[in-house]
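The file coords25.txt contains compact mmCIF, C-alpha atoms and all ligand atoms:
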# COMPACT_ATOMS: atom_id res chain seq x y z
CA MET A 455 0.00 0.00 0.00
CA ARG A 456 1.53 3.34 -0.99
CA VAL A 457 -0.10 5.27 1.85
CA VAL A 458 -2.34 4.27 4.74
CA ALA A 459 -3.90 5.77 7.87
CA THR A 460 -3.70 3.05 10.49
CA ILE A 461 -6.34 3.45 13.19
CA ASP A 462 -5.85 1.90 16.61
CA PRO A 463 -9.24 1.10 18.17
CA VAL A 464 -7.60 0.15 21.47
CA ALA A 465 -6.25 3.71 21.69
CA LEU A 466 -9.70 5.12 20.86
CA ALA A 467 -11.36 3.07 23.62
CA HIS A 468 -8.58 4.03 26.03
CA ASN A 469 -9.09 7.74 25.25
CA LEU A 470 -12.80 7.43 25.95
CA GLY A 471 -11.77 5.93 29.30
CA VAL A 472 -9.68 9.06 29.95
CA VAL A 473 -12.79 11.19 29.33
CA ARG A 474 -14.68 9.06 31.86
CA GLN A 475 -11.91 9.51 34.45
CA ARG A 476 -11.80 13.26 33.93
CA ALA A 477 -15.57 13.78 33.92
CA PRO A 478 -16.87 10.94 36.10
CA GLY A 479 -20.25 12.52 36.78
CA SER A 480 -21.10 13.36 33.17
CA HIS A 481 -22.64 11.52 30.26
CA VAL A 482 -20.48 11.47 27.14
CA TYR A 483 -21.31 12.35 23.56
CA ALA A 484 -18.52 10.95 21.39
CA VAL A 485 -18.10 13.60 18.69
CA VAL A 486 -17.56 11.76 15.39
CA LYS A 487 -18.29 14.51 12.86
CA ALA A 488 -16.14 14.92 9.73
CA ASP A 489 -15.76 11.14 9.37
CA ALA A 490 -14.62 10.89 12.97
CA TYR A 491 -12.01 13.64 12.54
CA GLY A 492 -10.65 11.79 9.52
CA HIS A 493 -10.30 8.43 11.28
CA GLY A 494 -13.19 6.75 9.45
CA LEU A 495 -16.57 6.36 11.13
CA GLU A 496 -16.60 2.59 10.79
CA ASN A 497 -13.29 2.33 12.68
CA THR A 498 -14.37 4.53 15.53
CA VAL A 499 -17.98 3.55 16.19
CA VAL A 500 -16.85 0.03 17.14
CA ALA A 501 -14.34 1.48 19.60
CA PHE A 502 -16.75 3.93 21.23
CA THR A 503 -19.43 1.45 22.27
CA GLU A 504 -19.05 2.71 25.86
CA ALA A 505 -20.09 6.24 24.85
CA ASP A 506 -23.58 7.28 25.96
CA ALA A 507 -24.36 8.76 22.55
CA PHE A 508 -22.71 10.13 19.41
CA ALA A 509 -22.64 13.67 18.07
CA VAL A 510 -22.37 14.57 14.39
CA ALA A 511 -22.61 17.91 12.59
CA CYS A 512 -25.51 17.31 10.22
CA MET A 513 -28.16 14.94 8.90
CA ASP A 514 -25.89 13.64 6.10
CA GLU A 515 -23.53 12.40 8.79
CA VAL A 516 -26.45 10.71 10.57
CA ILE A 517 -27.05 8.71 7.39
CA GLU A 518 -23.38 7.64 7.31
CA LEU A 519 -23.48 6.65 10.96
CA ARG A 520 -26.75 4.75 10.63
CA ALA A 521 -25.27 2.70 7.77
CA ILE A 522 -22.80 1.40 10.34
CA ASP A 523 -24.96 1.12 13.46
CA SER A 524 -28.70 1.54 13.83
CA ARG A 525 -28.69 1.57 17.63
CA PRO A 526 -26.92 4.56 19.23
CA ASN A 527 -28.56 7.83 20.15
CA ILE A 528 -27.29 10.63 17.94
CA LEU A 529 -27.15 14.36 18.52
CA VAL A 530 -27.11 16.62 15.43
CA LEU A 531 -24.96 19.59 16.44
CA GLU A 532 -26.07 22.00 13.70
CA GLY A 533 -29.68 20.84 13.92
CA VAL A 534 -31.91 20.43 10.88
CA PHE A 535 -31.92 22.65 7.79
CA ASP A 536 -35.52 22.18 6.62
CA GLY A 537 -38.79 20.32 7.07
CA ARG A 538 -37.56 17.25 5.23
CA GLU A 539 -34.61 16.90 7.59
CA LEU A 540 -36.86 17.49 10.59
CA ALA A 541 -39.15 14.69 9.41
CA ALA A 542 -36.13 12.37 9.06
CA ALA A 543 -34.89 13.37 12.52
CA LYS A 544 -38.30 12.54 14.00
CA ALA A 545 -38.45 9.19 12.23
CA ASP A 546 -34.99 8.31 13.59
CA LYS A 547 -35.70 9.62 17.10
CA LEU A 548 -32.67 11.90 17.00
CA GLU A 549 -31.53 14.61 19.37
CA ILE A 550 -31.27 17.96 17.62
CA VAL A 551 -29.80 21.34 18.45
CA VAL A 552 -31.90 24.42 17.85
CA HIS A 553 -29.71 27.51 17.69
CA SER A 554 -31.65 30.09 15.66
CA ASP A 555 -35.07 31.62 15.42
CA TRP A 556 -35.65 30.12 11.95
CA GLN A 557 -35.08 26.63 13.37
CA LEU A 558 -37.45 27.28 16.25
CA GLN A 559 -40.06 28.47 13.74
CA LEU A 560 -39.59 25.21 11.83
CA LEU A 561 -40.27 23.23 15.02
CA GLU A 562 -43.31 25.41 15.71
CA ARG A 563 -44.61 24.75 12.19
CA ASP A 564 -44.00 20.98 12.03
CA GLY A 565 -43.97 19.93 15.71
CA VAL A 566 -41.39 17.78 17.50
CA GLU A 567 -43.15 14.48 17.93
CA GLY A 568 -40.55 11.70 17.75
CA ILE A 569 -37.52 13.91 18.51
CA ARG A 570 -35.67 12.34 21.44
CA ARG A 571 -34.40 15.63 22.82
CA VAL A 572 -34.15 19.23 21.67
CA TRP A 573 -31.04 21.08 22.85
CA ALA A 574 -31.38 24.87 22.90
CA LYS A 575 -28.02 26.38 22.08
CA PHE A 576 -26.99 29.75 23.49
CA ASP A 577 -24.21 32.07 22.43
CA THR A 578 -22.24 32.80 25.60
CA GLY A 579 -19.45 34.72 23.89
CA MET A 580 -18.09 32.76 20.92
CA HIS A 581 -20.51 34.48 18.51
CA ARG A 582 -20.74 31.50 16.20
CA LEU A 583 -24.12 29.87 16.85
CA GLY A 584 -26.82 30.24 19.45
CA PHE A 585 -29.60 32.36 20.87
CA THR A 586 -28.65 35.40 22.91
CA PRO A 587 -28.57 34.81 26.68
CA GLU A 588 -31.17 37.56 27.05
CA SER A 589 -33.65 35.52 25.00
CA ALA A 590 -33.45 32.50 27.33
CA GLY A 591 -36.85 33.09 28.91
CA ASP A 592 -38.55 33.57 25.54
CA VAL A 593 -36.84 30.49 24.00
CA ARG A 594 -37.89 28.37 26.97
CA ALA A 595 -41.48 29.59 26.76
CA ARG A 596 -41.64 28.70 23.05
CA LEU A 597 -40.19 25.24 23.69
CA VAL A 598 -42.57 24.64 26.58
CA ALA A 599 -45.43 25.65 24.25
CA LEU A 600 -44.21 22.85 21.97
CA GLY A 601 -44.57 20.41 24.84
CA ILE A 602 -40.87 20.34 25.69
CA GLU A 603 -40.72 20.99 29.42
CA THR A 604 -37.01 20.32 29.97
CA PRO A 605 -35.06 20.87 26.75
CA GLY A 606 -31.30 20.43 26.91
CA VAL A 607 -29.34 23.68 27.29
CA MET A 608 -25.97 23.95 25.62
CA SER A 609 -23.25 26.34 24.58
CA HIS A 610 -19.73 26.08 23.16
CA LEU A 611 -16.43 27.29 24.62
CA ALA A 612 -14.23 29.42 22.39
CA CYS A 613 -10.96 29.52 24.36
CA ALA A 614 -11.03 26.55 26.72
CA ASP A 615 -7.65 25.43 25.32
CA LYS A 616 -5.94 28.47 26.83
CA PRO A 617 -5.67 27.92 30.57
CA GLY A 618 -6.12 31.03 32.68
CA LEU A 619 -8.00 33.06 30.09
CA THR A 620 -10.92 34.92 31.60
CA ASP A 621 -13.07 34.30 28.49
CA THR A 622 -13.89 30.77 29.65
CA ALA A 623 -14.83 31.92 33.15
CA ARG A 624 -17.03 34.61 31.61
CA GLN A 625 -18.69 32.13 29.24
CA MET A 626 -19.33 29.73 32.13
CA ALA A 627 -20.89 32.49 34.25
CA ILE A 628 -23.20 33.53 31.39
CA PHE A 629 -24.09 29.90 30.74
CA GLY A 630 -24.89 29.40 34.44
CA ALA A 631 -27.33 32.31 34.27
CA VAL A 632 -28.99 30.84 31.16
CA CYS A 633 -29.30 27.42 32.83
CA ARG A 634 -31.09 28.96 35.80
CA ARG A 635 -33.87 29.93 33.38
CA PHE A 636 -34.26 26.21 32.52
CA PRO A 637 -34.96 24.43 35.83
CA GLY A 638 -34.64 20.66 35.54
CA SER A 639 -32.99 20.80 32.09
CA PRO A 640 -29.76 18.91 31.34
CA ALA A 641 -26.79 21.13 30.46
CA SER A 642 -23.80 20.63 28.15
CA LEU A 643 -20.80 22.88 27.63
CA ALA A 644 -17.45 21.06 27.60
CA ASN A 645 -15.47 20.11 24.50
CA SER A 646 -12.10 18.32 24.89
CA ALA A 647 -10.37 21.36 26.36
CA GLY A 648 -13.25 21.80 28.80
CA VAL A 649 -13.00 18.15 29.82
CA LEU A 650 -9.24 18.42 30.35
CA LEU A 651 -8.89 21.86 31.92
CA HIS A 652 -12.22 23.08 33.29
CA PRO A 653 -13.96 20.61 35.62
CA ASP A 654 -16.65 23.23 36.33
CA SER A 655 -17.72 22.99 32.69
CA HIS A 656 -18.46 19.24 32.78
CA LEU A 657 -22.13 19.46 33.86
CA ASP A 658 -24.55 16.75 32.67
CA TRP A 659 -23.12 15.96 29.24
CA VAL A 660 -19.59 16.48 27.88
CA ARG A 661 -18.92 16.62 24.12
CA PRO A 662 -15.28 15.63 23.51
CA GLY A 663 -13.96 15.18 20.00
CA LEU A 664 -10.24 15.73 19.54
CA MET A 665 -9.10 14.05 22.76
CA LEU A 666 -10.94 10.86 21.81
CA TYR A 667 -8.48 10.56 18.95
CA GLY A 668 -5.56 10.90 21.36
CA VAL A 669 -4.75 14.48 20.45
CA SER A 670 -4.35 17.45 22.74
CA PRO A 671 -6.34 20.63 22.04
CA LEU A 672 -3.72 22.75 23.84
CA PRO A 673 -1.30 24.96 21.93
CA GLU A 674 1.67 23.19 23.55
CA GLY A 675 2.60 19.57 24.23
CA ASP A 676 0.66 16.58 22.98
CA GLY A 677 -1.98 14.09 24.03
CA THR A 678 0.44 11.96 26.04
CA ASP A 679 0.58 14.84 28.57
CA PHE A 680 -2.94 13.77 29.55
CA GLY A 681 -2.42 10.01 29.23
CA LEU A 682 -4.04 9.97 25.77
CA ARG A 683 -2.85 7.65 23.01
CA PRO A 684 -2.69 8.77 19.37
CA ALA A 685 -5.16 6.71 17.36
CA MET A 686 -3.96 7.52 13.84
CA THR A 687 -0.62 6.72 12.22
CA LEU A 688 -0.24 8.19 8.73
CA SER A 689 2.42 6.31 6.81
CA ALA A 690 3.74 5.93 3.28
CA ARG A 691 6.71 4.24 1.66
CA LEU A 692 10.05 5.06 0.16
CA LEU A 693 9.48 4.92 -3.57
CA SER A 694 12.98 5.77 -4.71
CA ILE A 695 16.35 6.78 -3.31
CA GLN A 696 18.97 8.74 -5.16
CA ASP A 697 22.23 10.56 -4.47
CA VAL A 698 22.42 14.24 -5.34
CA ALA A 699 25.50 16.44 -5.42
CA THR A 700 26.10 19.69 -3.54
CA GLY A 701 24.06 22.44 -5.21
CA ASP A 702 21.58 20.09 -6.94
CA VAL A 703 17.94 21.11 -6.52
CA VAL A 704 15.03 18.86 -5.60
CA GLY A 705 11.35 19.13 -6.52
CA TYR A 706 9.02 21.67 -8.16
CA GLY A 707 10.24 25.24 -8.26
CA ALA A 708 13.80 24.19 -7.42
CA THR A 709 13.21 25.59 -3.94
CA TRP A 710 15.48 23.13 -2.12
CA GLN A 711 19.18 22.99 -2.87
CA ALA A 712 21.49 20.30 -1.48
CA PRO A 713 23.85 21.96 1.03
CA ARG A 714 26.25 18.99 0.57
CA ASP A 715 26.21 15.67 -1.21
CA CYS A 716 22.90 14.15 -0.07
CA ARG A 717 20.84 11.00 -0.20
CA ILE A 718 17.29 11.90 -1.14
CA GLY A 719 14.31 9.63 -0.57
CA ILE A 720 11.06 10.07 -2.49
CA VAL A 721 8.06 9.18 -0.36
CA SER A 722 4.70 8.01 -1.73
CA ILE A 723 2.47 10.69 -0.24
CA GLY A 724 1.56 14.22 -1.29
CA TYR A 725 -1.02 16.93 -0.99
CA GLY A 726 -3.44 14.80 -3.03
CA ASP A 727 -3.50 12.54 0.01
CA GLY A 728 -4.08 15.49 2.32
CA TYR A 729 -0.50 15.98 3.47
CA PRO A 730 -0.03 19.76 3.54
CA TRP A 731 1.84 21.43 0.69
CA CYS A 732 3.20 23.99 3.13
CA ALA A 733 5.06 21.26 5.07
CA ALA A 734 7.99 21.61 2.67
CA ALA A 735 9.67 24.28 4.75
CA ALA A 736 9.37 22.76 8.21
CA GLY A 737 8.05 19.23 7.95
CA GLU A 738 9.73 16.10 9.24
CA ALA A 739 9.08 12.40 8.80
CA LEU A 740 10.01 9.32 10.78
CA VAL A 741 12.06 6.61 9.06
CA ARG A 742 13.16 3.60 11.09
CA GLY A 743 12.45 5.60 14.24
CA LYS A 744 14.61 8.58 13.21
CA ARG A 745 13.43 12.05 12.23
CA VAL A 746 14.40 13.24 8.78
CA PRO A 747 13.75 16.69 7.24
CA MET A 748 11.73 17.32 4.08
CA ALA A 749 13.62 18.15 0.92
CA GLY A 750 11.79 20.25 -1.66
CA ARG A 751 8.13 21.02 -2.25
CA VAL A 752 5.37 18.54 -1.55
CA SER A 753 3.94 17.28 -4.88
CA MET A 754 0.46 15.85 -5.40
CA ASP A 755 1.56 12.23 -4.86
CA MET A 756 5.11 12.45 -3.57
CA LEU A 757 7.49 14.36 -1.38
CA GLY A 758 11.23 14.30 -0.78
CA VAL A 759 13.13 13.68 2.45
CA ASP A 760 16.82 14.02 3.21
CA LEU A 761 18.05 10.54 4.16
CA THR A 762 21.74 11.40 4.34
CA ALA A 763 21.89 10.54 8.04
CA LEU A 764 20.30 7.11 7.41
CA PRO A 765 22.50 5.16 5.01
CA ALA A 766 20.84 1.80 5.80
CA VAL A 767 17.29 2.59 4.64
CA HIS A 768 15.85 0.92 1.53
CA VAL A 769 13.21 1.49 -1.09
CA GLY A 770 9.95 0.14 0.35
CA ASP A 771 10.72 1.16 3.93
CA GLU A 772 7.89 2.70 5.89
CA VAL A 773 7.84 6.47 6.38
CA ILE A 774 5.64 7.84 9.16
CA LEU A 775 4.23 11.32 8.65
CA TRP A 776 2.59 11.40 12.06
CA GLY A 777 1.72 8.96 14.83
CA ALA A 778 3.53 7.65 17.91
CA GLY A 779 7.02 9.19 17.87
CA LEU A 780 5.98 12.13 15.70
CA PRO A 781 2.83 13.63 17.24
CA VAL A 782 0.33 15.21 14.87
CA GLU A 783 0.27 18.18 17.26
CA GLU A 784 3.96 18.78 16.53
CA VAL A 785 3.51 18.45 12.77
CA ALA A 786 0.60 20.90 12.93
CA ARG A 787 2.66 23.45 14.84
CA ALA A 788 5.58 23.07 12.41
CA VAL A 789 3.41 23.74 9.38
CA GLY A 790 1.26 26.44 10.95
CA THR A 791 -2.08 24.67 11.19
CA SER A 792 -4.07 22.69 13.77
CA PRO A 793 -4.15 18.93 14.33
CA TYR A 794 -7.93 19.11 13.71
CA GLU A 795 -7.31 20.30 10.17
CA LEU A 796 -4.43 17.95 9.45
CA MET A 797 -6.41 14.85 10.40
CA CYS A 798 -9.58 15.96 8.65
CA ARG A 799 -7.62 16.69 5.48
CA VAL A 800 -6.37 13.12 5.04
CA SER A 801 -8.13 12.48 1.76
CA ARG A 802 -10.57 9.78 0.82
CA ARG A 803 -7.92 8.23 -1.40
CA VAL A 804 -6.01 7.17 1.73
CA PRO A 805 -7.34 3.85 3.04
CA ARG A 806 -8.04 3.74 6.76
CA ARG A 807 -6.88 0.45 8.18
CA ILE A 808 -7.89 -0.76 11.57
CA ALA A 809 -4.98 -2.15 13.59
CA GLY A 810 -6.61 -4.54 16.02
CA ARG A 811 -9.75 -4.96 18.05
CA VAL A 812 -10.90 -3.43 21.29
CA GLY A 813 -9.98 -5.86 24.03
CA THR A 814 -6.98 -7.32 22.17
CA PRO A 815 -3.46 -5.95 21.87
CA PRO A 816 -2.88 -4.05 18.60
CA LEU A 817 -1.74 -6.22 15.70
CA GLU A 818 1.61 -5.67 14.06
CA VAL A 819 0.98 -3.54 11.00
CA SER A 820 3.21 -3.20 7.99
CA ALA A 821 2.24 -0.67 5.37
C1 LIG B 901 -20.64 22.06 19.23
C2 LIG B 901 -19.40 21.25 19.40
N1 LIG B 901 -19.26 20.48 20.49
C3 LIG B 901 -18.15 19.73 20.68
C4 LIG B 901 -17.14 19.71 19.74
C5 LIG B 901 -15.89 18.88 20.01
O1 LIG B 901 -14.78 19.74 20.18
P1 LIG B 901 -13.32 19.15 20.43
O2 LIG B 901 -12.96 18.38 19.22
O3 LIG B 901 -12.47 20.36 20.59
O4 LIG B 901 -13.39 18.31 21.64
C6 LIG B 901 -17.24 20.49 18.61
C7 LIG B 901 -16.16 20.50 17.62
O5 LIG B 901 -15.84 21.41 16.95
C8 LIG B 901 -18.41 21.27 18.41
O6 LIG B 901 -18.56 22.04 17.34

Mind turning the file's structure into structure tokens?
Ligand SMILES: Cc1ncc(COP(=O)(O)O)c(C=O)c1O
Amino acid sequence: MRVVATIDPVALAHNLGVVRQRAPGSHVYAVVKADAYGHGLENTVVAFTEADAFAVACMDEVIELRAIDSRPNILVLEGVFDGRELAAAKADKLEIVVHSDWQLQLLERDGVEGIRRVWAKFDTGMHRLGFTPESAGDVRARLVALGIETPGVMSHLACADKPGLTDTARQMAIFGAVCRRFPGSPASLANSAGVLLHPDSHLDWVRPGLMLYGVSPLPEGDGTDFGLRPAMTLSARLLSIQDVATGDVVGYGATWQAPRDCRIGIVSIGYGDGYPWCAAAAGEALVRGKRVPMAGRVSMDMLGVDLTALPAVHVGDEVILWGAGLPVEEVARAVGTSPYELMCRVSRRVPRRIAGRVGTPPLEVSA
């Protein structure tokens, strides 16, 4: 296989266990939107059987999830877009978010019979989605008029990954005030950073995504700082090796010039697989457990690495772009993006291969 994302279900199940340890009093939505953050829904659903429910972004993702498992409760984080989606959500007994007046009007027009739970989302400072805190009383009254006495109440934290920032404390205070307008309602606020850093945000339901995949949401360090295990290893192979002389250039645009006589490896992965083009300047890869720098621009299907320090490597050897030993958090920082984006960008052309079963040690995998 020229390139593969190997997914470790034992790591996924372990990471869910870390969520449980951190938020022992809360129910857990396993957030599996965007094809489980690029890991492949079918690989993750089997590992998250201990989750209380799943959360996806939209109804299309419900369809993908249902094709794998008809049983779990599912929360649709963006809610429904129209009457047709609302009808499908009712038929499937889904939980839906309502964040805007137009969505509330849709519920008022078509009713909510069959919906397992409606979560009213409030904007407590992120200014992305949600009703204003001031409208809490009115929103509750409209939901009660629909027969929903205790809707869920939720919000989203904008800066929970930055410890010590007052924004999170302010958001939590505003959310507390909104919740007081909804006596008896379940509340949900915490994403991964909330789970890891803000115990006061745990409340009735936590909604972790990134940490389930073994990745830290913090700007420094990596998931191992919290006892998490990376669940994805992105690997490719050495397709060719050649010697170049001092001053020779490598790759498109002749942007990389050999500072000395070098051994250049060409690796079977490129931006067409989702590996970032901008990695050329700062990226590294792992070959036989050693870090090697990139050499030249990333092409659509290939990239170059400087193997001069590793004379014993061969064509066909595995090259790890991220995984244990080269955390995706570190790669993201080096190339100026986030681990969320890196993992989600792994393209559909890259097969996801599961590396074992929950309850058994991971199998030896060779790419
Ligand atoms: C509403 C909502 N809740 C929870 C999450 C999970 O966040 P994280 O992956 O940072 O844990 C997200 C992800 O963006 C989200 O949009």

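Of the listed residues A:Ala766, A:Val649, A:Val703, A:Val698, the one whose atoms come nearest to Gly750 in chain A is A:Val703, with distances taken using all atoms listed in the file.
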
Using only C-alpha atoms and all ligand atoms, which residues of chain A come within 8 Å of ligand LIG 901 (chain B), and what is the closest atom pair for each, with the distance in Å to one decimal? Give it as JSON lines, sorted by chain and residue number.
{"residue": "A:Val485", "atom": "CA", "partner": "B:LIG901", "partner_atom": "C5", "distance": 5.9}
{"residue": "A:Lys487", "atom": "CA", "partner": "B:LIG901", "partner_atom": "C7", "distance": 7.9}
{"residue": "A:Ala509", "atom": "CA", "partner": "B:LIG901", "partner_atom": "N1", "distance": 8.0}
{"residue": "A:Ala511", "atom": "CA", "partner": "B:LIG901", "partner_atom": "O6", "distance": 7.5}
{"residue": "A:Leu531", "atom": "CA", "partner": "B:LIG901", "partner_atom": "C1", "distance": 5.7}
{"residue": "A:Glu532", "atom": "CA", "partner": "B:LIG901", "partner_atom": "C1", "distance": 7.8}
{"residue": "A:Ser609", "atom": "CA", "partner": "B:LIG901", "partner_atom": "C1", "distance": 7.3}
{"residue": "A:His610", "atom": "CA", "partner": "B:LIG901", "partner_atom": "C1", "distance": 5.7}
{"residue": "A:Leu643", "atom": "CA", "partner": "B:LIG901", "partner_atom": "N1", "distance": 7.7}
{"residue": "A:Ala644", "atom": "CA", "partner": "B:LIG901", "partner_atom": "C3", "distance": 7.1}
{"residue": "A:Asn645", "atom": "CA", "partner": "B:LIG901", "partner_atom": "O4", "distance": 4.0}
{"residue": "A:Ser646", "atom": "CA", "partner": "B:LIG901", "partner_atom": "O4", "distance": 3.5}
{"residue": "A:Ala647", "atom": "CA", "partner": "B:LIG901", "partner_atom": "O3", "distance": 6.2}
{"residue": "A:Gly648", "atom": "CA", "partner": "B:LIG901", "partner_atom": "O4", "distance": 8.0}
{"residue": "A:Arg661", "atom": "CA", "partner": "B:LIG901", "partner_atom": "C3", "distance": 4.7}
{"residue": "A:Pro662", "atom": "CA", "partner": "B:LIG901", "partner_atom": "O4", "distance": 3.8}
{"residue": "A:Gly663", "atom": "CA", "partner": "B:LIG901", "partner_atom": "O2", "distance": 3.4}
{"residue": "A:Leu664", "atom": "CA", "partner": "B:LIG901", "partner_atom": "O2", "distance": 3.8}
{"residue": "A:Met665", "atom": "CA", "partner": "B:LIG901", "partner_atom": "O4", "distance": 6.1}
{"residue": "A:Leu666", "atom": "CA", "partner": "B:LIG901", "partner_atom": "O4", "distance": 7.8}
{"residue": "A:Pro671", "atom": "CA", "partner": "B:LIG901", "partner_atom": "O3", "distance": 6.3}
{"residue": "A:Tyr794", "atom": "CA", "partner": "B:LIG901", "partner_atom": "O2", "distance": 7.5}

Would you mind listing, for every residue of range 639-738 of chain A within 10 Å of range 568-581 of chain A, the two atoms forming the shortest contact and the distance between them in Å to one decimal, using all atoms listed in the file, sorted by chain and ascending residue number, as a Markdown table?
| residue | atom | partner | partner_atom | distance |
| --- | --- | --- | --- | --- |
| A:Ser639 | CA | A:Trp573 | CA | 9.4 |
| A:Pro640 | CA | A:Trp573 | CA | 8.9 |
| A:Ala641 | CA | A:Trp573 | CA | 8.7 |
| A:Ser642 | CA | A:Trp573 | CA | 9.0 |
| A:Leu643 | CA | A:Lys575 | CA | 9.8 |

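Nearest to Arg799 in chain A of all the residues A:Gln625, A:Ile720, A:Gly630, A:Asp489 is A:Asp489, based on all atoms listed in the file.
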
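Between CA of Leu558 in chain A and CA of Ala590 in chain A there is a distance of 12.9 Å.
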
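Coordinates place CA of Met754 in chain A at a distance of 8.4 Å from CA of Trp731 in chain A.
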
Using the structure block above, produce a file of range 535-590 of chain A that contains C-alpha atoms, as a PDB file, in the first residue's frame.
ATOM      1  CA  PHE A 535     -31.924  22.647   7.788  1.00  0.00           C
ATOM      2  CA  ASP A 536     -35.521  22.180   6.617  1.00  0.00           C
ATOM      3  CA  GLY A 537     -38.792  20.321   7.074  1.00  0.00           C
ATOM      4  CA  ARG A 538     -37.555  17.252   5.226  1.00  0.00           C
ATOM      5  CA  GLU A 539     -34.607  16.901   7.594  1.00  0.00           C
ATOM      6  CA  LEU A 540     -36.857  17.487  10.587  1.00  0.00           C
ATOM      7  CA  ALA A 541     -39.151  14.692   9.414  1.00  0.00           C
ATOM      8  CA  ALA A 542     -36.126  12.372   9.061  1.00  0.00           C
ATOM      9  CA  ALA A 543     -34.892  13.366  12.523  1.00  0.00           C
ATOM     10  CA  LYS A 544     -38.304  12.541  13.995  1.00  0.00           C
ATOM     11  CA  ALA A 545     -38.454   9.185  12.231  1.00  0.00           C
ATOM     12  CA  ASP A 546     -34.993   8.311  13.585  1.00  0.00           C
ATOM     13  CA  LYS A 547     -35.699   9.620  17.101  1.00  0.00           C
ATOM     14  CA  LEU A 548     -32.668  11.895  17.003  1.00  0.00           C
ATOM     15  CA  GLU A 549     -31.527  14.609  19.371  1.00  0.00           C
ATOM     16  CA  ILE A 550     -31.275  17.960  17.625  1.00  0.00           C
ATOM     17  CA  VAL A 551     -29.804  21.336  18.451  1.00  0.00           C
ATOM     18  CA  VAL A 552     -31.900  24.420  17.846  1.00  0.00           C
ATOM     19  CA  HIS A 553     -29.711  27.515  17.687  1.00  0.00           C
ATOM     20  CA  SER A 554     -31.654  30.089  15.664  1.00  0.00           C
ATOM     21  CA  ASP A 555     -35.069  31.615  15.419  1.00  0.00           C
ATOM     22  CA  TRP A 556     -35.646  30.120  11.951  1.00  0.00           C
ATOM     23  CA  GLN A 557     -35.076  26.626  13.365  1.00  0.00           C
ATOM     24  CA  LEU A 558     -37.445  27.279  16.247  1.00  0.00           C
ATOM     25  CA  GLN A 559     -40.056  28.468  13.740  1.00  0.00           C
ATOM     26  CA  LEU A 560     -39.593  25.210  11.834  1.00  0.00           C
ATOM     27  CA  LEU A 561     -40.274  23.228  15.018  1.00  0.00           C
ATOM     28  CA  GLU A 562     -43.313  25.414  15.705  1.00  0.00           C
ATOM     29  CA  ARG A 563     -44.611  24.749  12.187  1.00  0.00           C
ATOM     30  CA  ASP A 564     -44.004  20.975  12.034  1.00  0.00           C
ATOM     31  CA  GLY A 565     -43.968  19.929  15.709  1.00  0.00           C
ATOM     32  CA  VAL A 566     -41.394  17.783  17.497  1.00  0.00           C
ATOM     33  CA  GLU A 567     -43.153  14.481  17.929  1.00  0.00           C
ATOM     34  CA  GLY A 568     -40.553  11.703  17.753  1.00  0.00           C
ATOM     35  CA  ILE A 569     -37.523  13.910  18.511  1.00  0.00           C
ATOM     36  CA  ARG A 570     -35.671  12.343  21.439  1.00  0.00           C
ATOM     37  CA  ARG A 571     -34.403  15.635  22.824  1.00  0.00           C
ATOM     38  CA  VAL A 572     -34.152  19.229  21.674  1.00  0.00           C
ATOM     39  CA  TRP A 573     -31.039  21.084  22.848  1.00  0.00           C
ATOM     40  CA  ALA A 574     -31.383  24.868  22.896  1.00  0.00           C
ATOM     41  CA  LYS A 575     -28.015  26.380  22.077  1.00  0.00           C
ATOM     42  CA  PHE A 576     -26.988  29.751  23.485  1.00  0.00           C
ATOM     43  CA  ASP A 577     -24.210  32.074  22.429  1.00  0.00           C
ATOM     44  CA  THR A 578     -22.243  32.795  25.600  1.00  0.00           C
ATOM     45  CA  GLY A 579     -19.450  34.716  23.885  1.00  0.00           C
ATOM     46  CA  MET A 580     -18.090  32.757  20.919  1.00  0.00           C
ATOM     47  CA  HIS A 581     -20.508  34.477  18.513  1.00  0.00           C
ATOM     48  CA  ARG A 582     -20.742  31.501  16.200  1.00  0.00           C
ATOM     49  CA  LEU A 583     -24.117  29.869  16.849  1.00  0.00           C
ATOM     50  CA  GLY A 584     -26.816  30.243  19.449  1.00  0.00           C
ATOM     51  CA  PHE A 585     -29.598  32.357  20.870  1.00  0.00           C
ATOM     52  CA  THR A 586     -28.653  35.398  22.914  1.00  0.00           C
ATOM     53  CA  PRO A 587     -28.566  34.806  26.682  1.00  0.00           C
ATOM     54  CA  GLU A 588     -31.174  37.561  27.048  1.00  0.00           C
ATOM     55  CA  SER A 589     -33.647  35.523  24.999  1.00  0.00           C
ATOM     56  CA  ALA A 590     -33.446  32.496  27.325  1.00  0.00           C
TER      57      ALA A 590
END
